[in-house]
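Q: This is input-v7.cif (mmCIF, C-alpha atoms).
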data_entry
loop_
_atom_site.label_atom_id
_atom_site.label_comp_id
_atom_site.auth_asym_id
_atom_site.auth_seq_id
_atom_site.Cartn_x
_atom_site.Cartn_y
_atom_site.Cartn_z
CA MET A 1 -23.76 -19.64 1.85
CA SER A 2 -20.18 -18.65 2.65
CA ALA A 3 -17.56 -17.63 0.09
CA PHE A 4 -14.12 -17.77 1.68
CA TYR A 5 -11.16 -16.04 0.03
CA ILE A 6 -7.65 -15.33 1.25
CA GLY A 7 -5.87 -12.02 0.66
CA LEU A 8 -2.08 -11.76 0.93
CA MET A 9 -0.28 -8.43 0.95
CA SER A 10 3.23 -7.13 1.56
CA GLY A 11 3.73 -3.45 0.91
CA THR A 12 6.57 -1.00 0.50
CA SER A 13 7.24 -0.95 4.25
CA VAL A 14 8.36 -4.61 3.97
CA ASP A 15 7.38 -5.35 7.54
CA GLY A 16 5.61 -8.65 6.91
CA ILE A 17 2.89 -10.51 5.03
CA ASP A 18 -0.62 -9.45 5.95
CA ALA A 19 -3.02 -12.37 5.48
CA VAL A 20 -6.79 -12.49 5.89
CA VAL A 21 -9.53 -15.04 5.44
CA ALA A 22 -12.58 -13.09 4.29
CA ASP A 23 -16.12 -14.26 3.69
CA LEU A 24 -17.15 -12.36 0.54
CA ALA A 25 -20.61 -13.88 0.24
CA THR A 26 -22.15 -10.42 0.74
CA ASP A 27 -21.16 -6.84 -0.02
CA ARG A 28 -19.73 -6.49 3.50
CA PRO A 29 -16.61 -8.65 3.97
CA ALA A 30 -16.52 -10.63 7.19
CA LEU A 31 -13.04 -11.52 8.44
CA LEU A 32 -12.64 -14.95 9.98
CA ALA A 33 -8.94 -14.53 10.68
CA ALA A 34 -6.28 -11.90 10.08
CA GLN A 35 -2.62 -11.93 11.00
CA THR A 36 0.78 -10.62 9.98
CA THR A 37 3.68 -12.99 9.41
CA PRO A 38 6.89 -11.00 9.90
CA TRP A 39 9.58 -11.51 7.30
CA ARG A 40 12.52 -13.59 8.47
CA ALA A 41 15.33 -11.09 9.08
CA PRO A 42 17.69 -12.44 6.37
CA LEU A 43 14.90 -12.51 3.77
CA ARG A 44 13.77 -9.01 4.69
CA GLN A 45 17.33 -7.76 4.28
CA THR A 46 17.49 -9.39 0.85
CA ILE A 47 14.23 -7.68 -0.16
CA LEU A 48 15.48 -4.31 1.08
CA ARG A 49 18.83 -4.69 -0.69
CA THR A 50 16.97 -5.47 -3.91
CA LEU A 51 14.71 -2.46 -3.45
CA ASN A 52 17.56 -0.10 -2.59
CA ASP A 53 19.99 -1.31 -5.30
CA PRO A 54 17.87 -2.95 -8.02
CA GLN A 55 20.55 -2.60 -10.68
CA LEU A 56 22.88 -4.80 -8.63
CA THR A 57 20.43 -7.73 -8.60
CA SER A 58 21.34 -10.59 -10.92
CA ILE A 59 18.82 -12.76 -12.73
CA ILE A 60 19.92 -15.67 -10.56
CA ALA A 61 19.34 -13.69 -7.36
CA LEU A 62 15.98 -12.45 -8.63
CA GLY A 63 14.82 -15.96 -9.48
CA ALA A 64 15.86 -17.27 -6.07
CA LEU A 65 14.14 -14.38 -4.32
CA ASP A 66 10.92 -14.96 -6.29
CA ALA A 67 10.93 -18.60 -5.18
CA GLU A 68 11.66 -17.76 -1.53
CA LEU A 69 8.90 -15.17 -1.49
CA GLY A 70 6.45 -17.65 -3.01
CA GLU A 71 7.20 -20.13 -0.23
CA ALA A 72 6.77 -17.40 2.39
CA PHE A 73 3.41 -16.29 0.97
CA ALA A 74 2.27 -19.91 0.88
CA GLY A 75 3.26 -20.34 4.52
CA ALA A 76 1.31 -17.23 5.49
CA ALA A 77 -1.76 -18.60 3.70
CA VAL A 78 -1.51 -21.97 5.45
CA ALA A 79 -1.14 -20.24 8.83
CA VAL A 80 -4.16 -17.97 8.40
CA ILE A 81 -6.33 -20.90 7.26
CA ALA A 82 -5.43 -22.70 10.49
CA ALA A 83 -6.17 -19.55 12.51
CA ALA A 84 -9.63 -19.43 10.93
CA GLY A 85 -10.29 -23.06 11.83
CA LEU A 86 -10.79 -23.98 8.18
CA LYS A 87 -9.33 -26.45 5.69
CA PRO A 88 -7.73 -25.50 2.36
CA SER A 89 -10.70 -27.10 0.59
CA ASP A 90 -12.94 -24.47 2.24
CA ILE A 91 -11.17 -21.65 0.39
CA ILE A 92 -12.29 -20.63 -3.09
CA ALA A 93 -9.12 -18.73 -4.01
CA ILE A 94 -6.13 -16.78 -2.81
CA GLY A 95 -5.44 -13.24 -4.03
CA SER A 96 -1.73 -12.52 -3.70
CA HIS A 97 -0.31 -9.06 -4.25
CA GLY A 98 3.27 -10.29 -4.00
CA GLN A 99 6.16 -8.05 -3.04
CA THR A 100 6.80 -5.09 -5.31
CA LEU A 101 10.46 -4.98 -6.28
CA PHE A 102 10.25 -2.21 -8.87
CA HIS A 103 7.46 0.02 -10.12
CA ALA A 104 8.14 2.11 -13.22
CA PRO A 105 4.89 3.17 -14.92
CA ALA A 106 6.65 6.14 -16.56
CA ALA A 107 9.48 4.08 -18.08
CA ASN A 108 9.73 3.26 -21.78
CA PRO A 109 8.28 0.71 -21.88
CA PRO A 110 6.37 1.06 -18.59
CA PHE A 111 6.51 -1.93 -16.25
CA THR A 112 6.00 -3.12 -12.71
CA LEU A 113 7.38 -6.19 -10.97
CA GLN A 114 5.83 -8.04 -8.04
CA ALA A 115 7.67 -11.16 -6.87
CA GLY A 116 6.33 -14.18 -5.01
CA ASP A 117 5.97 -17.26 -7.20
CA ALA A 118 2.22 -17.91 -7.36
CA SER A 119 2.79 -21.40 -8.77
CA ARG A 120 4.39 -22.31 -5.45
CA ILE A 121 1.52 -20.76 -3.50
CA ALA A 122 -1.01 -22.85 -5.45
CA ALA A 123 1.14 -25.99 -5.18
CA ARG A 124 1.82 -25.69 -1.43
CA THR A 125 -1.75 -24.77 -0.45
CA GLY A 126 -3.76 -26.69 -3.03
CA ILE A 127 -5.80 -23.51 -3.58
CA THR A 128 -6.37 -21.64 -6.83
CA THR A 129 -4.26 -18.47 -6.67
CA VAL A 130 -4.75 -15.16 -8.46
CA ALA A 131 -1.62 -13.04 -8.71
CA ASP A 132 0.27 -10.56 -10.91
CA LEU A 133 -2.66 -8.18 -10.57
CA ARG A 134 -0.96 -4.94 -11.63
CA ARG A 135 0.57 -5.66 -15.03
CA ARG A 136 -2.66 -5.93 -17.02
CA ASP A 137 -3.58 -2.39 -16.04
CA ILE A 138 -0.17 -1.19 -17.22
CA ALA A 139 -0.68 -3.11 -20.47
CA GLU A 140 -3.90 -1.12 -20.89
CA GLY A 141 -1.99 2.15 -20.52
CA GLY A 142 -2.52 2.61 -16.79
CA GLN A 143 -0.25 3.10 -13.81
CA GLY A 144 -0.94 -0.36 -12.40
CA ALA A 145 -1.67 1.42 -9.12
CA PRO A 146 -3.44 2.05 -6.93
CA LEU A 147 -5.81 -0.90 -7.25
CA ALA A 148 -7.55 -0.65 -3.88
CA PRO A 149 -9.87 2.24 -4.91
CA ALA A 150 -12.25 -0.14 -6.72
CA PHE A 151 -12.63 -2.03 -3.44
CA HIS A 152 -12.88 1.21 -1.46
CA GLN A 153 -15.68 2.38 -3.75
CA ALA A 154 -17.57 -0.90 -3.37
CA LEU A 155 -17.22 -0.97 0.40
CA PHE A 156 -16.95 2.60 1.67
CA HIS A 157 -18.83 4.89 -0.72
CA LYS A 158 -21.81 6.62 0.90
CA PRO A 159 -24.20 8.61 -1.30
CA GLY A 160 -24.44 12.22 -0.25
CA VAL A 161 -21.16 12.16 1.69
CA SER A 162 -17.85 13.41 0.31
CA ARG A 163 -15.23 11.18 1.88
CA ALA A 164 -11.72 9.95 1.30
CA ILE A 165 -9.91 6.75 2.22
CA LEU A 166 -6.23 7.15 3.03
CA ASN A 167 -3.86 4.20 3.11
CA ILE A 168 -0.59 5.04 4.83
CA GLY A 169 1.93 2.31 4.13
CA GLY A 170 5.43 2.92 2.84
CA MET A 171 3.73 5.21 0.35
CA ALA A 172 0.49 7.06 1.02
CA ASN A 173 -2.43 6.78 -1.36
CA LEU A 174 -5.82 8.42 -1.42
CA THR A 175 -9.16 7.24 -2.76
CA LEU A 176 -11.53 10.16 -3.29
CA LEU A 177 -15.21 9.23 -3.11
CA PRO A 178 -17.33 12.25 -4.10
CA ALA A 179 -20.77 12.74 -2.60
CA GLY A 180 -22.61 12.59 -5.90
CA ALA A 181 -22.12 10.66 -9.10
CA GLY A 182 -18.66 12.13 -9.80
CA THR A 183 -15.73 10.02 -10.90
CA VAL A 184 -13.81 8.20 -8.19
CA CYS A 185 -10.18 9.32 -8.09
CA GLY A 186 -7.22 7.63 -6.47
CA PHE A 187 -3.45 8.11 -6.52
CA ASP A 188 -0.25 7.94 -4.52
CA THR A 189 0.29 11.25 -2.76
CA GLY A 190 3.95 10.51 -2.02
CA PRO A 191 5.72 9.02 0.99
CA GLY A 192 3.79 7.67 3.91
CA ASN A 193 6.06 5.85 6.34
CA VAL A 194 8.98 4.92 4.09
CA LEU A 195 11.32 7.82 4.85
CA MET A 196 10.45 7.95 8.55
CA ASP A 197 11.02 4.19 8.85
CA ALA A 198 14.40 4.35 7.10
CA TRP A 199 15.54 7.28 9.25
CA SER A 200 14.37 5.55 12.44
CA SER A 201 16.17 2.36 11.46
CA ARG A 202 19.41 4.23 10.83
CA HIS A 203 19.42 6.45 13.93
CA GLN A 204 17.31 4.58 16.48
CA GLY A 205 17.84 0.98 15.47
CA GLU A 206 14.07 0.61 15.32
CA PRO A 207 12.11 -0.39 12.19
CA PHE A 208 9.59 2.41 12.78
CA ASP A 209 8.87 5.36 15.05
CA ARG A 210 6.18 4.00 17.35
CA ASN A 211 3.23 6.41 17.53
CA GLY A 212 5.51 9.13 16.14
CA GLU A 213 7.04 9.70 19.58
CA TRP A 214 10.57 10.31 18.28
CA ALA A 215 9.26 12.76 15.69
CA ARG A 216 7.23 14.47 18.41
CA SER A 217 10.45 15.02 20.42
CA GLY A 218 12.01 17.00 17.57
CA SER A 219 11.12 20.20 15.74
CA CYS A 220 10.17 20.56 12.11
CA ASP A 221 12.79 22.42 10.08
CA GLN A 222 10.88 24.73 7.74
CA PRO A 223 13.61 25.16 5.08
CA LEU A 224 14.03 21.38 4.81
CA LEU A 225 10.26 20.90 4.68
CA GLU A 226 9.98 23.41 1.83
CA ARG A 227 12.75 21.59 -0.02
CA LEU A 228 10.97 18.26 0.42
CA LEU A 229 7.67 19.72 -0.72
CA ALA A 230 9.37 21.03 -3.88
CA GLN A 231 9.70 17.45 -5.19
CA PRO A 232 8.19 17.60 -8.71
CA TYR A 233 6.17 14.39 -8.22
CA LEU A 234 3.88 16.23 -5.82
CA LYS A 235 2.89 18.70 -8.55
CA ILE A 236 1.90 16.03 -11.09
CA HIS A 237 -1.84 15.64 -11.58
CA PRO A 238 -3.28 12.14 -11.25
CA PRO A 239 -3.30 9.48 -12.44
CA LYS A 240 0.06 8.88 -10.82
CA SER A 241 1.84 6.35 -8.63
CA THR A 242 5.24 6.13 -7.04
CA GLY A 243 7.42 3.99 -4.80
CA ARG A 244 10.86 3.47 -3.33
CA GLU A 245 12.34 4.09 -6.78
CA LEU A 246 11.87 7.79 -5.97
CA PHE A 247 11.22 8.23 -2.26
CA CYS A 248 14.09 6.34 -0.65
CA ILE A 249 16.89 6.94 1.81
CA SER A 250 19.42 7.73 -0.94
CA TRP A 251 17.09 10.49 -2.24
CA LEU A 252 16.84 11.89 1.28
CA ASP A 253 20.62 11.69 1.81
CA ALA A 254 21.26 13.59 -1.41
CA LEU A 255 18.82 16.29 -0.34
CA LEU A 256 20.28 16.57 3.17
CA ALA A 257 23.73 17.04 1.64
CA GLU A 258 22.45 20.27 0.08
CA GLY A 259 22.97 22.29 3.26
CA PHE A 260 20.99 20.32 5.84
CA HIS A 261 23.69 18.05 7.24
CA HIS A 262 23.81 20.10 10.46
CA LEU A 263 20.27 19.11 11.51
CA LYS A 264 19.80 16.85 14.53
CA ALA A 265 18.36 13.44 13.71
CA ASP A 266 15.18 14.00 15.73
CA ASN A 267 14.50 17.26 13.89
CA VAL A 268 14.89 15.48 10.56
CA GLN A 269 12.39 12.87 11.75
CA ALA A 270 9.93 15.56 12.79
CA THR A 271 10.31 17.17 9.36
CA LEU A 272 9.79 13.88 7.55
CA LEU A 273 6.55 13.30 9.45
CA GLU A 274 5.39 16.81 8.59
CA PHE A 275 6.31 16.16 4.96
CA SER A 276 4.03 13.13 4.86
CA ALA A 277 1.20 14.98 6.59
CA ALA A 278 1.50 18.13 4.46
CA SER A 279 1.74 16.28 1.14
CA ILE A 280 -1.30 14.12 1.97
CA ALA A 281 -3.36 17.09 3.17
CA GLY A 282 -2.35 19.19 0.19
CA ALA A 283 -3.44 16.49 -2.24
CA LEU A 284 -6.80 16.05 -0.53
CA SER A 285 -7.43 19.79 -0.42
CA GLU A 286 -6.60 20.15 -4.11
CA PHE A 287 -8.47 17.20 -5.55
CA LEU A 288 -11.44 16.77 -3.20
CA PRO A 289 -11.82 20.07 -1.35
CA THR A 290 -15.40 19.15 -0.41
CA ALA A 291 -14.28 16.14 1.65
CA THR A 292 -15.74 16.17 5.13
CA GLU A 293 -14.53 12.70 6.20
CA LEU A 294 -11.10 11.04 5.96
CA TYR A 295 -10.71 7.42 7.04
CA VAL A 296 -7.20 6.04 7.49
CA CYS A 297 -5.89 2.50 7.06
CA GLY A 298 -2.45 0.90 6.87
CA GLY A 299 0.35 1.00 9.41
CA GLY A 300 0.27 4.80 9.56
CA ALA A 301 -3.17 4.62 11.15
CA HIS A 302 -1.35 3.76 14.40
CA ASN A 303 0.90 6.84 14.28
CA GLY A 304 -0.97 9.16 16.60
CA PHE A 305 1.30 12.14 15.97
CA LEU A 306 0.93 11.78 12.19
CA LEU A 307 -2.87 11.74 12.51
CA GLN A 308 -2.66 14.76 14.81
CA ARG A 309 -0.68 16.68 12.20
CA LEU A 310 -3.11 15.63 9.47
CA GLN A 311 -5.96 17.00 11.58
CA ALA A 312 -4.09 20.27 12.02
CA HIS A 313 -3.81 20.59 8.23
CA LEU A 314 -7.45 19.58 7.68
CA PRO A 315 -9.40 21.20 10.54
CA ALA A 316 -12.78 20.95 8.77
CA CYS A 317 -12.44 17.24 8.01
CA ARG A 318 -13.37 14.43 10.37
CA ILE A 319 -10.38 12.07 10.62
CA ASP A 320 -10.77 8.53 11.92
CA THR A 321 -9.69 5.01 10.99
CA THR A 322 -11.60 2.58 8.80
CA ALA A 323 -12.49 0.65 11.96
CA VAL A 324 -15.51 2.93 12.36
CA LEU A 325 -16.63 1.81 8.88
CA GLY A 326 -16.44 -1.84 9.87
CA LEU A 327 -12.99 -2.93 8.68
CA ALA A 328 -9.89 -2.67 10.89
CA PRO A 329 -7.18 -0.47 9.34
CA ASP A 330 -4.52 -3.18 9.38
CA TRP A 331 -6.48 -5.48 7.09
CA VAL A 332 -8.01 -3.25 4.41
CA GLU A 333 -5.35 -3.87 1.75
CA ALA A 334 -5.17 -7.63 2.24
CA THR A 335 -8.96 -7.80 2.10
CA ALA A 336 -8.85 -5.76 -1.10
CA PHE A 337 -6.70 -8.42 -2.77
CA ALA A 338 -9.06 -11.18 -1.65
CA TRP A 339 -11.84 -9.11 -3.28
CA LEU A 340 -9.77 -8.61 -6.44
CA ALA A 341 -9.28 -12.40 -6.69
CA ARG A 342 -13.05 -12.81 -6.57
CA GLN A 343 -13.43 -10.19 -9.30
CA THR A 344 -10.92 -12.00 -11.51
CA LEU A 345 -12.54 -15.42 -11.11
CA ALA A 346 -15.94 -13.86 -11.87
CA GLY A 347 -14.56 -12.29 -15.06
CA LYS A 348 -15.17 -8.78 -13.67
CA PRO A 349 -12.84 -5.77 -13.93
CA GLY A 350 -10.65 -4.95 -10.96
CA ASN A 351 -9.30 -1.57 -12.04
CA LEU A 352 -10.85 1.87 -12.31
CA PRO A 353 -9.57 3.65 -15.44
CA GLY A 354 -10.36 7.00 -13.86
CA VAL A 355 -7.89 6.10 -11.12
CA THR A 356 -5.06 4.36 -12.94
CA GLY A 357 -5.34 6.05 -16.32
CA ALA A 358 -5.90 2.78 -18.17
CA LYS A 359 -7.68 2.99 -21.52
CA ARG A 360 -10.38 0.61 -20.30
CA SER A 361 -11.53 -1.57 -17.45
CA ALA A 362 -9.93 -5.00 -17.43
CA VAL A 363 -10.01 -8.32 -15.66
CA LEU A 364 -6.76 -8.33 -13.72
CA GLY A 365 -4.13 -10.91 -12.93
CA ALA A 366 -3.23 -14.46 -13.82
CA ILE A 367 -4.98 -17.56 -12.46
CA TYR A 368 -2.87 -20.42 -11.12
CA PRO A 369 -5.18 -23.43 -10.68
CA ALA A 370 -5.04 -25.60 -7.58
#
Rewrite the structure from the file as structure tokens, please.

A:
Amino acid sequence: MSAFYIGLMSGTSVDGIDAVVADLATDRPALLAAQTTPWRAPLRQTILRTLNDPQLTSIIALGALDAELGEAFAGAAVAVIAAAGLKPSDIIAIGSHGQTLFHAPAANPPFTLQAGDASRIAARTGITTVADLRRRDIAEGGQGAPLAPAFHQALFHKPGVSRAILNIGGMANLTLLPAGAGTVCGFDTGPGNVLMDAWSSRHQGEPFDRNGEWARSGSCDQPLLERLLAQPYLKIHPPKSTGRELFCISWLDALLAEGFHHLKADNVQATLLEFSAASIAGALSEFLPTATELYVCGGGAHNGFLLQRLQAHLPACRIDTTAVLGLAPDWVEATAFAWLARQTLAGKPGNLPGVTGAKRSAVLGAIYPA
């Protein structure tokens, strides 16, 4: 008996909506269809402006953006259903992450905001939609992120093996799966692709540095790298999460103005890639030094030079992508939100308090009936 769910995800890289149709009838998700719907250029620019200058966004603009995003997520769901050869009536539910516009778990009061009107998704598709999956964890005293570790534990944990799952999107986050019965840990290590993407867009006119080739052409500047690695966030013990509110192009510009303005653009790119690799490797070495396997997902899994630098920092650790574990790296996060929708409808918790810092496990999200 099949159990079809849709997962929708757009991350901090803002490169498009990842959509999957997953059969969750067993413990091993089977993907019937998976595709990315790129953001329309004007809408992507609106999202990026909102992310880069959130205090300049009016309530009217925010409401309009929420509606536009809802329509876009609905369109992505309709398209992936067609790609799977199914009908909307075949789908049990949609799990929609939405688009994070601001994440402030350390604010007073703490909050997070994901846009993408789920009422519109349910109305346009005729499918029950589960959304707003982060705020309940924050209400329980948690970070609201990362949420994927519960899915990683269910799918990728292997008794007797100390392994880690690394998602490299705009931010990088680790799930640490100890060999024994130890507590699963997960947190944002810092920037993944976000700074490299912004620098590439500014200086190369490209949304990302394909395979890290531009970074490979430059040389890492050690003084700049040390300055980047001095960012206090990196020294905070988990639970912790971060986003563009901290690691953004304006933060980088301010740092470069402190005596690094003479650096060539390709050398800055090489240093930014090394910053991502070093901060990820440092976090893994500190919090799961026994790890012998690291499996990578997200867009950064396709950056060969970044993976090469990670391997240089972690010579005793096998590094591969989640494809060898049975789930292609591009679709892990979207599948996680399909799984979280199933958890919510079943009345089961979707968070791990040991990861997010919440006071207790909780059923996540809001349900928007078909």

Q: List every protein, DNA or RNA residue that has at least one atom no more than 12 Å from (-5.7, -21.9, 12.6) in the file's coordinates, counting only C-alpha atoms, and write the result as a short mmCIF file (atom, residue, chain, number, x, y, z; two decimals) with C-alpha atoms, in the frame of the given file.

A:
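What landed in result_10.cif:
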data_model
loop_
_atom_site.label_atom_id
_atom_site.label_comp_id
_atom_site.auth_asym_id
_atom_site.auth_seq_id
_atom_site.Cartn_x
_atom_site.Cartn_y
_atom_site.Cartn_z
CA VAL A 20 -6.79 -12.49 5.89
CA VAL A 21 -9.53 -15.04 5.44
CA LEU A 32 -12.64 -14.95 9.98
CA ALA A 33 -8.94 -14.53 10.68
CA ALA A 34 -6.28 -11.90 10.08
CA GLN A 35 -2.62 -11.93 11.00
CA ALA A 76 1.31 -17.23 5.49
CA ALA A 77 -1.76 -18.60 3.70
CA VAL A 78 -1.51 -21.97 5.45
CA ALA A 79 -1.14 -20.24 8.83
CA VAL A 80 -4.16 -17.97 8.40
CA ILE A 81 -6.33 -20.90 7.26
CA ALA A 82 -5.43 -22.70 10.49
CA ALA A 83 -6.17 -19.55 12.51
CA ALA A 84 -9.63 -19.43 10.93
CA GLY A 85 -10.29 -23.06 11.83
CA LEU A 86 -10.79 -23.98 8.18
CA LYS A 87 -9.33 -26.45 5.69
CA PRO A 88 -7.73 -25.50 2.36
#

Q: For each of A:Asn52, A:Ser58, A:Ser217, A:Ser13, take the minimum atom-to-atom distance to Gly300 in chain A, counting all atoms listed in the file, then give the residue where this is smallest.

A: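 Closest candidate: A:Ser13.
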
Q: Between CA of Cys297 in chain A and CA of Phe111 in chain A, what is the distance in Å, rounded to a tenth?

A: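 About the pair CA of Cys297 in chain A and CA of Phe111 in chain A: they are 26.8 Å apart.
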
Q: Residues near Ala104 in chain A, anyone? I mean within 10 Å using all atoms listed in the file, not counting same-chain ones fewer than 4 positions away, as a list in words.

A: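 In the requested form, the answer reads Asn108, Pro109, Pro110, Phe111, Thr112, Leu113, Ile138, Gln143, Gly144, Ser241, Thr242, Gly243, Glu245 and Leu246 of chain A.
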
Q: Find the residues near Asp320 in chain A: any atom within 9 Å, counting all atoms listed in the file, skip ones fewer than 4 places away on the same chain, and give them as a list of chain:residue names.

A: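 My list of contacting residues is A:Glu293, A:Leu294, A:Tyr295, A:Val296, A:Ala301, A:Leu307, A:Val324.
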
Q: Could you list, as a ChimeraX atom specification, every residue matched by the PyMOL selection byres ((chain A and resi 310) around 12) in this structure?

A: /A:166,168,192,273-285,294-296,300-301,303-309,311-320

Q: So that I have them on file, write out the residues from the current selection with C-alpha atoms, as a PDB file, in the frame of the given file.

A:
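As written to disk, selection.pdb reads:
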ATOM      1  CA  LEU A 166      -6.230   7.150   3.030  1.00  0.00           C
ATOM      2  CA  ILE A 168      -0.590   5.040   4.830  1.00  0.00           C
ATOM      3  CA  GLY A 192       3.790   7.670   3.910  1.00  0.00           C
ATOM      4  CA  LEU A 273       6.550  13.300   9.450  1.00  0.00           C
ATOM      5  CA  GLU A 274       5.390  16.810   8.590  1.00  0.00           C
ATOM      6  CA  PHE A 275       6.310  16.160   4.960  1.00  0.00           C
ATOM      7  CA  SER A 276       4.030  13.130   4.860  1.00  0.00           C
ATOM      8  CA  ALA A 277       1.200  14.980   6.590  1.00  0.00           C
ATOM      9  CA  ALA A 278       1.500  18.130   4.460  1.00  0.00           C
ATOM     10  CA  SER A 279       1.740  16.280   1.140  1.00  0.00           C
ATOM     11  CA  ILE A 280      -1.300  14.120   1.970  1.00  0.00           C
ATOM     12  CA  ALA A 281      -3.360  17.090   3.170  1.00  0.00           C
ATOM     13  CA  GLY A 282      -2.350  19.190   0.190  1.00  0.00           C
ATOM     14  CA  ALA A 283      -3.440  16.490  -2.240  1.00  0.00           C
ATOM     15  CA  LEU A 284      -6.800  16.050  -0.530  1.00  0.00           C
ATOM     16  CA  SER A 285      -7.430  19.790  -0.420  1.00  0.00           C
ATOM     17  CA  LEU A 294     -11.100  11.040   5.960  1.00  0.00           C
ATOM     18  CA  TYR A 295     -10.710   7.420   7.040  1.00  0.00           C
ATOM     19  CA  VAL A 296      -7.200   6.040   7.490  1.00  0.00           C
ATOM     20  CA  GLY A 300       0.270   4.800   9.560  1.00  0.00           C
ATOM     21  CA  ALA A 301      -3.170   4.620  11.150  1.00  0.00           C
ATOM     22  CA  ASN A 303       0.900   6.840  14.280  1.00  0.00           C
ATOM     23  CA  GLY A 304      -0.970   9.160  16.600  1.00  0.00           C
ATOM     24  CA  PHE A 305       1.300  12.140  15.970  1.00  0.00           C
ATOM     25  CA  LEU A 306       0.930  11.780  12.190  1.00  0.00           C
ATOM     26  CA  LEU A 307      -2.870  11.740  12.510  1.00  0.00           C
ATOM     27  CA  GLN A 308      -2.660  14.760  14.810  1.00  0.00           C
ATOM     28  CA  ARG A 309      -0.680  16.680  12.200  1.00  0.00           C
ATOM     29  CA  GLN A 311      -5.960  17.000  11.580  1.00  0.00           C
ATOM     30  CA  ALA A 312      -4.090  20.270  12.020  1.00  0.00           C
ATOM     31  CA  HIS A 313      -3.810  20.590   8.230  1.00  0.00           C
ATOM     32  CA  LEU A 314      -7.450  19.580   7.680  1.00  0.00           C
ATOM     33  CA  PRO A 315      -9.400  21.200  10.540  1.00  0.00           C
ATOM     34  CA  ALA A 316     -12.780  20.950   8.770  1.00  0.00           C
ATOM     35  CA  CYS A 317     -12.440  17.240   8.010  1.00  0.00           C
ATOM     36  CA  ARG A 318     -13.370  14.430  10.370  1.00  0.00           C
ATOM     37  CA  ILE A 319     -10.380  12.070  10.620  1.00  0.00           C
ATOM     38  CA  ASP A 320     -10.770   8.530  11.920  1.00  0.00           C
TER      39      ASP A 320
END

Q: I'd like a table as a tab-separated table: residues in range 137-203 of chain A with an atom no more than 12 Å from range 219-233 of chain A, each row giving the shortest atom pair and its distance in Å to one decimal, only C-alpha atoms counted, sorted by chain and rising residue number.

A:
residue	atom	partner	partner_atom	distance
A:Phe187	CA	A:Tyr233	CA	11.6
A:Asp188	CA	A:Tyr233	CA	9.8
A:Thr189	CA	A:Tyr233	CA	8.6
A:Gly190	CA	A:Tyr233	CA	7.6
A:Pro191	CA	A:Leu228	CA	10.6
A:Leu195	CA	A:Leu228	CA	11.3

Q: Please measure the separation of CA of Ala93 in chain A and CA of Ile6 in chain A, giving the value in Å to one decimal.

A: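 So the two atoms, CA of Ala93 in chain A and CA of Ile6 in chain A, lie 6.4 Å apart.
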
Q: On this structure, the PyMOL selection byres ((chain A and resi 36) around 12) would catch which residues? List them as a PyMOL selection string, sorted by chain and number.

A: chain A and resi 7-11+14-20+33-35+37-39+72-73+75-77+79-80+83+299+330-331+334

Q: Restricting it to C-alpha atoms, dump the selection as a PDB file, in the coordinates of the input.

A:
ATOM      1  CA  GLY A   7      -5.870 -12.020   0.660  1.00  0.00           C
ATOM      2  CA  LEU A   8      -2.080 -11.760   0.930  1.00  0.00           C
ATOM      3  CA  MET A   9      -0.280  -8.430   0.950  1.00  0.00           C
ATOM      4  CA  SER A  10       3.230  -7.130   1.560  1.00  0.00           C
ATOM      5  CA  GLY A  11       3.730  -3.450   0.910  1.00  0.00           C
ATOM      6  CA  VAL A  14       8.360  -4.610   3.970  1.00  0.00           C
ATOM      7  CA  ASP A  15       7.380  -5.350   7.540  1.00  0.00           C
ATOM      8  CA  GLY A  16       5.610  -8.650   6.910  1.00  0.00           C
ATOM      9  CA  ILE A  17       2.890 -10.510   5.030  1.00  0.00           C
ATOM     10  CA  ASP A  18      -0.620  -9.450   5.950  1.00  0.00           C
ATOM     11  CA  ALA A  19      -3.020 -12.370   5.480  1.00  0.00           C
ATOM     12  CA  VAL A  20      -6.790 -12.490   5.890  1.00  0.00           C
ATOM     13  CA  ALA A  33      -8.940 -14.530  10.680  1.00  0.00           C
ATOM     14  CA  ALA A  34      -6.280 -11.900  10.080  1.00  0.00           C
ATOM     15  CA  GLN A  35      -2.620 -11.930  11.000  1.00  0.00           C
ATOM     16  CA  THR A  37       3.680 -12.990   9.410  1.00  0.00           C
ATOM     17  CA  PRO A  38       6.890 -11.000   9.900  1.00  0.00           C
ATOM     18  CA  TRP A  39       9.580 -11.510   7.300  1.00  0.00           C
ATOM     19  CA  ALA A  72       6.770 -17.400   2.390  1.00  0.00           C
ATOM     20  CA  PHE A  73       3.410 -16.290   0.970  1.00  0.00           C
ATOM     21  CA  GLY A  75       3.260 -20.340   4.520  1.00  0.00           C
ATOM     22  CA  ALA A  76       1.310 -17.230   5.490  1.00  0.00           C
ATOM     23  CA  ALA A  77      -1.760 -18.600   3.700  1.00  0.00           C
ATOM     24  CA  ALA A  79      -1.140 -20.240   8.830  1.00  0.00           C
ATOM     25  CA  VAL A  80      -4.160 -17.970   8.400  1.00  0.00           C
ATOM     26  CA  ALA A  83      -6.170 -19.550  12.510  1.00  0.00           C
ATOM     27  CA  GLY A 299       0.350   1.000   9.410  1.00  0.00           C
ATOM     28  CA  ASP A 330      -4.520  -3.180   9.380  1.00  0.00           C
ATOM     29  CA  TRP A 331      -6.480  -5.480   7.090  1.00  0.00           C
ATOM     30  CA  ALA A 334      -5.170  -7.630   2.240  1.00  0.00           C
TER      31      ALA A 334
END

Q: So, with only C-alpha atoms as the atoms that count, which of A:Ala362, A:Ile60, A:Ala74, A:Leu147 lies closest to Gly126 in chain A?

A: A:Ala74

Q: Write out as AutoDock Vina command-line options an axis-aligned box for range 69-80 of chain A: all of its atoms listed in the file, 3 Å added on each side, centre and edge lengths in Å with one decimal.

A:
--center_x 2.4 --center_y -18.6 --center_z 2.9 --size_x 19.1 --size_y 12.8 --size_z 17.8
